[in-house]
Amino acid sequence: IIAGDWSSDVCSSDLFGFARRVNQAFYQSKEWKKARRHVIARDLGFDMGFEGYPAGPGAIVHHMNPLIEEDILSGDPAILDPEFLITVSHNTHNAIHYGSFDLLPQTLVERAPGDTTPWR
């Protein structure tokens, strides 16, 4: 989706800055915004897709497979595939990325077949 747009920057020696620009451009793209809207609607705005746990107005769409610069540059279709995206709250997102599990609700949820793919 973006691969051809960055040819002049590929040789950038400022790798952190370059990666940041690529990342920010991806998250501002119309393709990402469309995928984000779809995933939030599919998950009904619930944190991890679990009914009763709203993600709130600052809902985040999380990549279950870590997003790397090469995925963006190569236009890997998996980065927009709803199968690999999930709606999460800010607290859940921090828990995932920083191990802050004390931010998560402490209510136990009984597991059931298929509960890892609630949109099916």
# chains A, B, ... in the order shown; residues from 1 in each chain; ligands from 1

$ select_by_dssp --residues "region 19-88 of chain A" --states "alpha helix (DSSP H)" --output "PyMOL selection string"
chain A and resi 19-28+30-42+69-74

$ write_last_selection --atoms "N, CA, C and O atoms" --output "CSV table (one decimal), in the first residue's frame"
chain,number,residue,atom,x,y,z
A,19,ALA,N,11.9,5.1,10.4
A,19,ALA,CA,10.9,4.1,10.8
A,19,ALA,C,9.7,4.8,11.4
A,19,ALA,O,8.5,4.5,11.2
A,20,ARG,N,9.9,5.9,12.2
A,20,ARG,CA,8.8,6.6,12.8
A,20,ARG,C,8.0,7.3,11.7
A,20,ARG,O,6.7,7.3,11.8
A,21,ARG,N,8.6,7.9,10.7
A,21,ARG,CA,7.8,8.5,9.6
A,21,ARG,C,7.0,7.5,8.9
A,21,ARG,O,5.8,7.8,8.5
A,22,VAL,N,7.6,6.3,8.6
A,22,VAL,CA,6.8,5.3,7.9
A,22,VAL,C,5.6,4.8,8.8
A,22,VAL,O,4.5,4.7,8.3
A,23,ASN,N,5.9,4.6,10.1
A,23,ASN,CA,4.8,4.2,11.0
A,23,ASN,C,3.7,5.2,11.0
A,23,ASN,O,2.5,4.9,10.9
A,24,GLN,N,4.1,6.5,11.2
A,24,GLN,CA,3.1,7.5,11.3
A,24,GLN,C,2.3,7.7,10.0
A,24,GLN,O,1.1,7.9,10.0
A,25,ALA,N,3.0,7.6,8.9
A,25,ALA,CA,2.3,7.7,7.6
A,25,ALA,C,1.3,6.5,7.5
A,25,ALA,O,0.1,6.7,7.0
A,26,PHE,N,1.7,5.3,7.9
A,26,PHE,CA,0.8,4.2,7.8
A,26,PHE,C,-0.5,4.4,8.6
A,26,PHE,O,-1.6,4.2,8.1
A,27,TYR,N,-0.3,4.9,9.9
A,27,TYR,CA,-1.5,5.1,10.7
A,27,TYR,C,-2.4,6.3,10.3
A,27,TYR,O,-3.5,6.4,10.8
A,28,GLN,N,-1.9,7.1,9.4
A,28,GLN,CA,-2.7,8.2,8.9
A,28,GLN,C,-3.3,7.8,7.5
A,28,GLN,O,-4.1,8.6,7.0
A,30,LYS,N,-5.6,6.2,4.5
A,30,LYS,CA,-7.0,5.9,4.4
A,30,LYS,C,-7.3,4.4,4.5
A,30,LYS,O,-8.3,4.0,5.1
A,31,GLU,N,-6.3,3.6,4.1
A,31,GLU,CA,-6.5,2.1,4.2
A,31,GLU,C,-6.5,1.7,5.7
A,31,GLU,O,-7.4,0.9,6.1
A,32,TRP,N,-5.6,2.3,6.5
A,32,TRP,CA,-5.6,1.9,7.9
A,32,TRP,C,-6.9,2.4,8.6
A,32,TRP,O,-7.5,1.7,9.4
A,33,LYS,N,-7.3,3.6,8.3
A,33,LYS,CA,-8.5,4.2,8.9
A,33,LYS,C,-9.7,3.4,8.6
A,33,LYS,O,-10.6,3.2,9.4
A,34,LYS,N,-9.8,2.9,7.4
A,34,LYS,CA,-10.9,2.1,7.0
A,34,LYS,C,-10.9,0.7,7.7
A,34,LYS,O,-11.9,0.3,8.2
A,35,ALA,N,-9.7,0.1,7.8
A,35,ALA,CA,-9.6,-1.2,8.5
A,35,ALA,C,-9.9,-1.0,10.0
A,35,ALA,O,-10.6,-1.8,10.6
A,36,ARG,N,-9.4,0.1,10.6
A,36,ARG,CA,-9.7,0.4,12.0
A,36,ARG,C,-11.2,0.6,12.3
A,36,ARG,O,-11.7,0.0,13.2
A,37,ARG,N,-11.9,1.3,11.4
A,37,ARG,CA,-13.3,1.5,11.6
A,37,ARG,C,-14.0,0.1,11.5
A,37,ARG,O,-14.9,-0.2,12.3
A,38,HIS,N,-13.6,-0.7,10.5
A,38,HIS,CA,-14.2,-2.0,10.3
A,38,HIS,C,-14.1,-2.9,11.6
A,38,HIS,O,-15.0,-3.5,12.0
A,39,VAL,N,-12.8,-2.9,12.1
A,39,VAL,CA,-12.5,-3.8,13.3
A,39,VAL,C,-13.3,-3.3,14.5
A,39,VAL,O,-13.9,-4.1,15.3
A,40,ILE,N,-13.4,-2.0,14.8
A,40,ILE,CA,-14.1,-1.5,15.9
A,40,ILE,C,-15.6,-1.8,15.8
A,40,ILE,O,-16.2,-2.2,16.7
A,41,ALA,N,-16.1,-1.7,14.6
A,41,ALA,CA,-17.6,-2.1,14.3
A,41,ALA,C,-17.8,-3.6,14.5
A,41,ALA,O,-18.7,-4.0,15.2
A,42,ARG,N,-16.9,-4.4,14.0
A,42,ARG,CA,-17.0,-5.8,14.1
A,42,ARG,C,-17.0,-6.2,15.6
A,42,ARG,O,-17.7,-7.1,16.0
A,69,GLU,N,8.5,-2.3,10.4
A,69,GLU,CA,8.7,-1.4,9.3
A,69,GLU,C,8.7,-2.1,7.9
A,69,GLU,O,8.0,-1.6,7.0
A,70,GLU,N,9.3,-3.3,7.8
A,70,GLU,CA,9.3,-4.0,6.5
A,70,GLU,C,7.9,-4.4,6.1
A,70,GLU,O,7.7,-4.4,4.9
A,71,ASP,N,7.0,-4.7,7.0
A,71,ASP,CA,5.7,-5.1,6.6
A,71,ASP,C,5.0,-3.9,5.9
A,71,ASP,O,4.3,-4.1,5.0
A,72,ILE,N,5.2,-2.7,6.4
A,72,ILE,CA,4.6,-1.5,5.9
A,72,ILE,C,5.3,-1.2,4.5
A,72,ILE,O,4.6,-1.0,3.5
A,73,LEU,N,6.6,-1.2,4.5
A,73,LEU,CA,7.3,-0.9,3.2
A,73,LEU,C,7.0,-1.9,2.1
A,73,LEU,O,6.9,-1.5,0.9
A,74,SER,N,6.8,-3.2,2.4
A,74,SER,CA,6.5,-4.2,1.4
A,74,SER,C,5.0,-4.2,1.0
A,74,SER,O,4.7,-4.9,0.1

$ residues_around --residues "Asn65 (chain A)" --least-positions-apart "4" --cutoff "10 Å" --atoms "only C-alpha atoms" --output "MDAnalysis selection string"
chainID A and resid 78:79 84:85

$ closest_residue --among "A:Pro77, A:His90, A:Ser29, A:Ile68" --to "Pro54 (chain A)" --atoms "only C-alpha atoms"
A:His90

$ closest_residue --among "A:Tyr98, A:Gly56, A:Asp43, A:Glu110" --to "Glu83 (chain A)" --atoms "only C-alpha atoms"
A:Asp43
